[in-house]
>>> print(open('data19.cif').read())   # mmCIF, C-alpha atoms and all ligand atoms
data_coords
loop_
_atom_site.label_atom_id
_atom_site.label_comp_id
_atom_site.auth_asym_id
_atom_site.auth_seq_id
_atom_site.Cartn_x
_atom_site.Cartn_y
_atom_site.Cartn_z
CA MET P 1 -5.31 -13.48 4.16
CA THR P 2 -2.10 -11.56 4.86
CA THR P 3 -2.69 -7.96 5.77
CA GLN P 4 -0.57 -5.39 3.96
CA ILE P 5 -0.05 -2.23 5.98
CA ILE P 6 0.65 0.94 4.00
CA THR P 7 1.52 4.29 5.55
CA VAL P 8 0.73 7.36 3.45
CA ALA P 9 3.16 10.04 4.58
CA ASN P 10 4.88 13.29 3.71
CA GLN P 11 5.69 15.87 6.35
CA LYS P 12 4.38 18.62 4.07
CA GLY P 13 0.71 19.48 4.31
CA GLY P 14 -1.56 19.85 1.30
CA VAL P 15 0.31 17.45 -0.98
CA GLY P 16 -2.55 14.99 -1.38
CA LYS P 17 -1.94 12.43 1.38
CA THR P 18 -5.52 12.29 2.60
CA THR P 19 -6.99 12.46 -0.90
CA THR P 20 -4.73 9.60 -1.96
CA ALA P 21 -5.48 7.53 1.15
CA ILE P 22 -9.27 7.90 0.73
CA SER P 23 -9.20 7.35 -3.03
CA LEU P 24 -7.00 4.26 -2.84
CA ALA P 25 -9.02 2.83 0.02
CA ALA P 26 -12.20 3.19 -2.02
CA CYS P 27 -10.66 1.76 -5.19
CA LEU P 28 -9.17 -1.22 -3.35
CA ALA P 29 -12.54 -1.91 -1.71
CA GLU P 30 -14.24 -1.65 -5.10
CA ALA P 31 -11.68 -4.13 -6.44
CA GLY P 32 -12.91 -6.63 -3.85
CA ARG P 33 -10.27 -6.06 -1.19
CA PRO P 34 -11.44 -5.45 2.38
CA VAL P 35 -9.74 -2.24 3.50
CA LEU P 36 -9.23 -0.51 6.83
CA LEU P 37 -8.35 3.18 6.70
CA VAL P 38 -6.76 4.49 9.90
CA ASP P 39 -7.06 8.25 10.27
CA LEU P 40 -4.07 9.26 12.36
CA ASP P 41 -4.27 13.00 11.66
CA PRO P 42 -5.92 15.04 14.45
CA GLN P 43 -7.41 17.22 11.68
CA ALA P 44 -9.56 14.21 10.79
CA ASN P 45 -9.82 15.00 7.07
CA ALA P 46 -9.99 11.34 6.09
CA THR P 47 -12.80 10.84 8.59
CA SER P 48 -14.93 13.70 7.27
CA GLY P 49 -13.95 12.85 3.70
CA LEU P 50 -15.65 9.48 4.20
CA GLY P 51 -18.75 11.19 5.55
CA ILE P 52 -18.18 10.18 9.17
CA GLU P 53 -18.87 12.71 11.92
CA LYS P 54 -16.12 13.44 14.42
CA GLN P 55 -17.06 11.87 17.73
CA PRO P 56 -15.25 12.22 21.04
CA GLY P 57 -13.77 8.90 22.08
CA ALA P 58 -14.05 7.29 18.64
CA SER P 59 -10.40 7.55 17.62
CA ALA P 60 -7.30 5.44 18.19
CA TYR P 61 -6.34 7.73 21.09
CA ALA P 62 -7.34 5.54 24.05
CA PRO P 63 -6.09 2.23 22.58
CA LEU P 64 -2.77 3.87 21.72
CA LEU P 65 -2.39 4.73 25.38
CA GLY P 66 -3.26 1.20 26.43
CA GLN P 67 -6.94 1.78 27.18
CA GLY P 68 -9.17 -0.65 25.30
CA LYS P 69 -8.67 -2.39 22.02
CA LEU P 70 -8.01 -0.74 18.69
CA GLU P 71 -10.34 -3.21 16.94
CA ASP P 72 -13.26 -1.80 18.95
CA LYS P 73 -12.73 1.54 17.19
CA ILE P 74 -13.31 0.11 13.71
CA GLN P 75 -16.42 1.57 12.07
CA PRO P 76 -18.18 0.61 8.87
CA THR P 77 -18.56 3.33 6.22
CA ALA P 78 -21.28 3.85 3.64
CA PHE P 79 -19.08 1.92 1.20
CA ASP P 80 -18.79 -1.85 0.84
CA ARG P 81 -15.61 -3.44 2.20
CA LEU P 82 -14.33 -0.06 3.44
CA TRP P 83 -13.83 0.40 7.19
CA LEU P 84 -12.46 3.29 9.21
CA ILE P 85 -10.79 4.04 12.50
CA PRO P 86 -11.75 7.70 12.72
CA SER P 87 -9.79 10.58 14.12
CA GLU P 88 -10.83 13.48 16.26
CA VAL P 89 -9.04 16.44 17.69
CA ASP P 90 -8.21 14.50 20.88
CA LEU P 91 -5.52 12.71 18.94
CA CYS P 92 -3.41 15.86 19.39
CA GLY P 93 -3.20 14.99 23.06
CA ALA P 94 -1.91 11.54 22.20
CA GLU P 95 1.32 13.15 21.02
CA ILE P 96 2.01 14.50 24.49
CA GLU P 97 0.82 11.44 26.37
CA LEU P 98 2.91 9.17 24.17
CA MET P 99 6.08 10.97 25.17
CA ARG P 100 5.62 9.73 28.71
CA ILE P 101 5.49 6.03 27.95
CA GLU P 102 8.14 3.47 27.16
CA GLU P 103 8.80 2.68 23.48
CA PRO P 104 6.34 5.35 22.31
CA VAL P 105 6.96 4.58 18.65
CA GLN P 106 5.74 0.97 18.84
CA VAL P 107 2.25 1.48 20.26
CA LEU P 108 0.36 1.54 16.96
CA ARG P 109 2.22 -1.53 15.71
CA ARG P 110 1.24 -3.40 18.87
CA ALA P 111 -2.34 -2.17 18.79
CA LEU P 112 -2.70 -3.24 15.14
CA ALA P 113 -1.21 -6.70 15.67
CA PRO P 114 -4.48 -8.41 16.70
CA ILE P 115 -6.27 -6.81 13.72
CA ARG P 116 -3.54 -8.00 11.39
CA GLU P 117 -3.66 -11.50 12.85
CA THR P 118 -7.37 -11.95 12.11
CA GLY P 119 -6.63 -11.36 8.42
CA ARG P 120 -9.94 -9.54 8.22
CA PHE P 121 -8.47 -6.80 6.04
CA GLU P 122 -6.33 -7.25 2.99
CA VAL P 123 -4.98 -3.74 3.20
CA VAL P 124 -4.64 -1.29 6.07
CA LEU P 125 -3.96 2.30 4.96
CA ILE P 126 -2.72 4.82 7.51
CA ASP P 127 -3.25 8.52 6.80
CA CYS P 128 -0.59 10.58 8.60
CA PRO P 129 -0.51 14.13 9.92
CA PRO P 130 1.62 16.66 8.00
CA SER P 131 4.61 16.36 10.33
CA LEU P 132 7.22 13.89 11.44
CA SER P 133 5.61 13.70 14.85
CA LEU P 134 5.31 10.74 17.17
CA LEU P 135 2.03 9.77 15.49
CA THR P 136 3.75 9.67 12.11
CA MET P 137 6.66 7.72 13.59
CA ASN P 138 4.13 5.23 14.91
CA ALA P 139 2.65 4.88 11.44
CA PHE P 140 6.15 4.27 10.03
CA ALA P 141 6.85 1.66 12.68
CA ALA P 142 3.54 -0.12 12.10
CA ALA P 143 3.75 -0.52 8.32
CA ALA P 144 5.71 -2.62 5.88
CA HIS P 145 5.11 -0.17 3.06
CA LEU P 146 5.55 3.55 2.74
CA LEU P 147 3.66 5.49 0.09
CA VAL P 148 4.76 9.08 -0.47
CA PRO P 149 2.57 11.52 -2.39
CA LEU P 150 4.49 14.45 -3.90
CA GLN P 151 2.81 17.52 -5.28
CA CYS P 152 3.85 18.62 -8.78
CA GLU P 153 5.53 21.86 -7.76
CA TYR P 154 9.01 23.32 -7.37
CA TYR P 155 10.85 21.84 -4.40
CA ALA P 156 8.73 18.69 -4.59
CA LEU P 157 11.85 16.72 -3.70
CA GLU P 158 12.61 18.83 -0.67
CA GLY P 159 11.83 16.90 2.43
CA ILE P 160 12.00 13.52 0.76
CA ALA P 161 15.58 13.19 2.00
CA THR P 162 14.26 13.52 5.53
CA ILE P 163 11.74 10.76 4.91
CA HIS P 164 14.51 8.53 3.52
CA ARG P 165 16.68 9.17 6.55
CA LEU P 166 13.83 8.33 8.89
CA LEU P 167 13.07 5.16 6.97
CA ASN P 168 16.70 4.05 7.22
CA GLN P 169 16.87 4.93 10.91
CA LEU P 170 13.81 2.83 11.66
CA ARG P 171 15.24 -0.06 9.68
CA GLU P 172 18.72 0.09 11.18
CA SER P 173 17.60 0.66 14.76
CA GLY P 174 15.47 -2.48 14.49
CA ALA P 175 12.33 -0.42 15.24
CA ASN P 176 10.94 -1.62 11.91
CA PRO P 177 13.33 -3.70 9.83
CA ASP P 178 10.55 -4.50 7.32
CA LEU P 179 9.73 -0.97 6.23
CA ALA P 180 10.32 -0.21 2.56
CA LEU P 181 9.31 2.51 0.15
CA LEU P 182 6.42 1.12 -1.88
CA GLY P 183 6.50 4.09 -4.18
CA VAL P 184 6.13 7.79 -4.84
CA VAL P 185 3.03 9.17 -6.51
CA MET P 186 2.84 12.59 -8.15
CA THR P 187 -0.34 14.51 -7.38
CA MET P 188 -2.02 17.64 -8.74
CA PHE P 189 -0.46 17.21 -12.16
CA ASP P 190 -1.42 20.01 -14.52
CA ALA P 191 -0.95 18.86 -18.12
CA ARG P 192 -1.11 22.46 -19.35
CA THR P 193 2.03 23.56 -17.55
CA ARG P 194 5.57 22.72 -18.42
CA LEU P 195 6.39 22.90 -14.71
CA SER P 196 4.33 19.80 -13.90
CA ARG P 197 6.14 17.79 -16.57
CA GLN P 198 9.55 19.06 -15.45
CA VAL P 199 8.85 18.10 -11.87
CA VAL P 200 7.71 14.60 -12.85
CA ASP P 201 10.87 14.17 -14.98
CA GLU P 202 13.06 15.29 -12.11
CA VAL P 203 11.36 12.96 -9.64
CA ARG P 204 11.62 10.12 -12.18
CA ARG P 205 15.39 10.70 -12.49
CA HIS P 206 15.66 10.56 -8.72
CA PHE P 207 13.39 7.59 -8.00
CA GLY P 208 13.32 5.62 -11.24
CA GLU P 209 10.92 2.72 -10.98
CA LEU P 210 9.84 3.68 -7.49
CA LEU P 211 7.84 6.50 -9.06
CA PHE P 212 4.43 5.16 -10.03
CA GLU P 213 3.62 5.45 -13.75
CA THR P 214 0.26 6.96 -12.88
CA VAL P 215 0.18 10.66 -12.11
CA ILE P 216 -2.88 12.15 -10.44
CA PRO P 217 -4.30 15.11 -12.37
CA ARG P 218 -5.27 18.37 -10.72
CA THR P 219 -9.04 18.56 -10.83
CA THR P 220 -11.63 20.45 -8.84
CA ARG P 221 -13.67 17.24 -8.62
CA LEU P 222 -11.12 15.92 -6.12
CA ALA P 223 -11.34 19.09 -4.07
CA GLU P 224 -15.15 18.91 -4.05
CA ALA P 225 -15.58 15.26 -3.12
CA PRO P 226 -14.75 15.56 0.64
CA SER P 227 -17.54 18.07 1.24
CA PHE P 228 -19.96 15.38 0.04
CA GLY P 229 -18.33 12.81 2.31
CA LYS P 230 -17.52 10.59 -0.65
CA PRO P 231 -14.37 9.16 -2.17
CA ILE P 232 -13.88 10.38 -5.73
CA LEU P 233 -14.82 6.94 -7.06
CA HIS P 234 -18.33 7.38 -5.67
CA TYR P 235 -18.60 11.14 -6.13
CA ASP P 236 -17.72 11.07 -9.84
CA PRO P 237 -17.02 7.56 -11.14
CA TYR P 238 -16.17 8.78 -14.64
CA CYS P 239 -13.83 11.71 -14.00
CA SER P 240 -10.13 11.72 -14.82
CA ALA P 241 -9.08 11.52 -11.17
CA THR P 242 -11.15 8.38 -10.60
CA ALA P 243 -9.54 6.77 -13.63
CA ALA P 244 -6.09 7.78 -12.38
CA TYR P 245 -6.64 6.41 -8.88
CA GLN P 246 -8.01 3.17 -10.35
CA VAL P 247 -4.89 2.71 -12.46
CA LEU P 248 -2.70 3.56 -9.47
CA THR P 249 -4.61 0.95 -7.45
CA GLY P 250 -3.71 -1.60 -10.14
CA GLU P 251 -0.05 -0.64 -9.86
CA ILE P 252 -0.18 -0.98 -6.09
CA ILE P 253 -1.91 -4.36 -6.24
CA SER P 254 0.81 -5.63 -8.56
CA ARG P 255 3.64 -4.19 -6.42
CA LEU P 256 2.13 -5.82 -3.34
CA LYS P 257 1.55 -9.04 -5.28
CA ILE P 258 -1.92 -9.37 -3.80
P1 LIG I 301 -2.70 16.43 2.73
O1 LIG I 301 -3.46 15.31 3.34
O2 LIG I 301 -1.34 16.03 2.24
O3 LIG I 301 -2.64 17.63 3.62
P2 LIG I 301 -4.99 16.71 0.97
O4 LIG I 301 -5.21 15.39 0.36
O5 LIG I 301 -5.90 17.09 2.11
O6 LIG I 301 -3.48 16.89 1.40
O7 LIG I 301 -5.08 17.80 -0.19
C1 LIG I 301 -4.95 19.18 0.08
C2 LIG I 301 -6.05 19.94 -0.66
O8 LIG I 301 -5.89 19.78 -2.05
C3 LIG I 301 -7.44 19.44 -0.34
O9 LIG I 301 -8.32 20.51 -0.34
C4 LIG I 301 -7.74 18.48 -1.49
O10 LIG I 301 -9.14 18.39 -1.73
C5 LIG I 301 -7.02 19.13 -2.63
N1 LIG I 301 -6.52 18.16 -3.62
C6 LIG I 301 -5.82 17.03 -3.37
N2 LIG I 301 -5.48 16.42 -4.51
C7 LIG I 301 -5.96 17.19 -5.52
C8 LIG I 301 -5.93 17.11 -6.95
N3 LIG I 301 -5.31 16.10 -7.59
N4 LIG I 301 -6.54 18.10 -7.66
C9 LIG I 301 -7.15 19.11 -7.03
N5 LIG I 301 -7.21 19.25 -5.71
C10 LIG I 301 -6.63 18.30 -4.95
MG MG I 302 -4.21 15.12 5.31
#
>>> encode(input="data19.cif", output="C-alpha cells")
Amino acid sequence: MTTQIITVANQKGGVGKTTTAISLAACLAEAGRPVLLVDLDPQANATSGLGIEKQPGASAYAPLLGQGKLEDKIQPTAFDRLWLIPSEVDLCGAEIELMRIEEPVQVLRRALAPIRETGRFEVVLIDCPPSLSLLTMNAFAAAAHLLVPLQCEYYALEGIATIHRLLNQLRESGANPDLALLGVVMTMFDARTRLSRQVVDEVRRHFGELLFETVIPRTTRLAEAPSFGKPILHYDPYCSATAAYQVLTGEIISRLKI
C-alpha cells in the first residue's frame, strides 16, 4: 500500500484545520482506510479531540530531535483503523531545538520515512500549528499533498498567497519537489448569510477546480464534539457536518486515486 501524506495547513488560527484533520481522519478510517493522524500543534487540539490525554514524552518531539523512533510514538485511538501521534506542550521546545540542527526542515520527512515504507497506513494526515513555523515547514516538507481549510469570512484569501509562495519555494529549492496543493476547503459556511456565498464564489474564481465542491457548514455540533473526545462522525453520525465531511472524504479519495 502506498502511503499518501497530507498536510493540513493555514497560518491563521481558528479556520478549521484541526476539525478538518480529525473529521477526515475518522471518515477515511470508516471508509476502510488505515489512517495515522500526526498532531504537530503544541496546543494538542487534535490529541484531545480524539479523547487522548496529553502525556509528557508521548509526542514527536524526541524523534524529531533524533532521539528514538517516530513509529514508537504511534498510539491506537478508540476508533477502528485510526491511529495518532499525539502532541503535548513540549513540542513548543522542538521549534527552538530544531533551529540548532542541520537541515531542520527535513527531520519529520526523515522520521516518517520508515512508517511510510511499511505501508501500514494508507493516509497520514498532519495537523499543523497556526503559524508558518519550523514545525509547519517540516509538515510541508514531509507531505506530497497540501490541504488548506479557509474560513468563510472576509479576507479568507489573505494569507493564501504566502502559502503558495512557501509551496513554490519548497518545490524549487528541492526541499520537497513533490509537494502540490491537493485542494482548498471552505469551512464554517453559513447558508443564511450572503457573505458566506460571496466568499465561496470569490475563492472559486481564484482556485477553480482546486476548491472542493463540498463546503463544511457552520454547526455547533462540530464545536461540541472535541469536548467529548470524538470525531463528528462518532459524536453525531447524522448531522450535516458529518455528511459534509463524508462527501469531502469521497472527493479526496478520488483526487488521491486511492
Ligand atoms: P484551527 O485548527 O484552524 O485553529 P479549529 O478546527 O480548532 O481551527 O476550529 C476553531 C474553532 O471553531 C473550534 O472551537 C472548533 O470546534 C470550531 N469549528 C471548526 N469548524 C467549525 C464549523 N464548521 N462549525 C462550527 N464550529 C466550528
Ligand atoms: Mg488547530
>>> closest_residue(input="data19.cif", among="P:Thr219, P:Thr118, P:Ser173, P:Ser59", to="P:Pro86", atoms="only C-alpha atoms")
P:Ser59
>>> residues_near_ligand(input="data19.cif", ligand="ligand MG 302 (chain I)", cutoff="8 Å", atoms="only C-alpha atoms and all ligand atoms", output="ChimeraX atom specification")
/P:13-14,16-19,41,43-46,127-130
>>> write_last_selection(input="data19.cif", atoms="C-alpha atoms", output="CSV table (one decimal), in the frame of the given file")
chain,number,residue,atom,x,y,z
P,13,GLY,CA,0.7,19.5,4.3
P,14,GLY,CA,-1.6,19.8,1.3
P,16,GLY,CA,-2.6,15.0,-1.4
P,17,LYS,CA,-1.9,12.4,1.4
P,18,THR,CA,-5.5,12.3,2.6
P,19,THR,CA,-7.0,12.5,-0.9
P,41,ASP,CA,-4.3,13.0,11.7
P,43,GLN,CA,-7.4,17.2,11.7
P,44,ALA,CA,-9.6,14.2,10.8
P,45,ASN,CA,-9.8,15.0,7.1
P,46,ALA,CA,-10.0,11.3,6.1
P,127,ASP,CA,-3.2,8.5,6.8
P,128,CYS,CA,-0.6,10.6,8.6
P,129,PRO,CA,-0.5,14.1,9.9
P,130,PRO,CA,1.6,16.7,8.0
>>> atom_distance(input="data19.cif", atom1="atom CA of P:Glu251", atom2="atom CA of P:Glu158")
25.0 Å
>>> residues_near_ligand(input="data19.cif", ligand="ligand LIG 301 (chain I)", cutoff="10 Å", atoms="all atoms listed in the file", output="PyMOL selection string")
chain P and resi 8-23+41+43-46+49+127-131+148-152+186-190+215-227+240-241+244-245
>>> atom_distance(input="data19.cif", atom1="atom CA of P:Arg109", atom2="atom CA of P:Leu157")
28.3 Å
>>> residues_around(input="data19.cif", residues="P:Asp201", least_positions_apart="5", cutoff="12 Å", atoms="all atoms listed in the file", output="list in words")
Cys152, Glu153, Ala156, Leu157, Met186, Arg194, Leu195, Ser196, His206, Phe207, Gly208, Leu211, Glu213 and Val215 of chain P
>>> closest_residue(input="data19.cif", among="P:Cys92, P:Ala180, P:Leu64, P:Leu98", to="P:Leu112", atoms="only C-alpha atoms")
P:Leu64
>>> residues_near_point(input="data19.cif", point="(-17.1, -1.5, 4.1)", cutoff="12 Å", atoms="all atoms listed in the file", output="ChimeraX atom specification")
/P:25-30,32-37,50,74-85,120-121
>>> atom_distance(input="data19.cif", atom1="atom CA of P:Phe212", atom2="atom CA of P:Glu172")
26.1 Å
>>> closest_residue(input="data19.cif", among="P:Leu233, P:Val107, P:Ala144, P:Val199", to="P:Gln67", atoms="only C-alpha atoms")
P:Val107
>>> closest_residue(input="data19.cif", among="P:Ser254, P:Ser48, P:Thr249, P:Thr3", to="P:Ile115", atoms="only C-alpha atoms")
P:Thr3
>>> closest_residue(input="data19.cif", among="P:Leu135, P:Val247, P:Val203, P:Val38", to="P:Ile160", atoms="all atoms listed in the file")
P:Val203
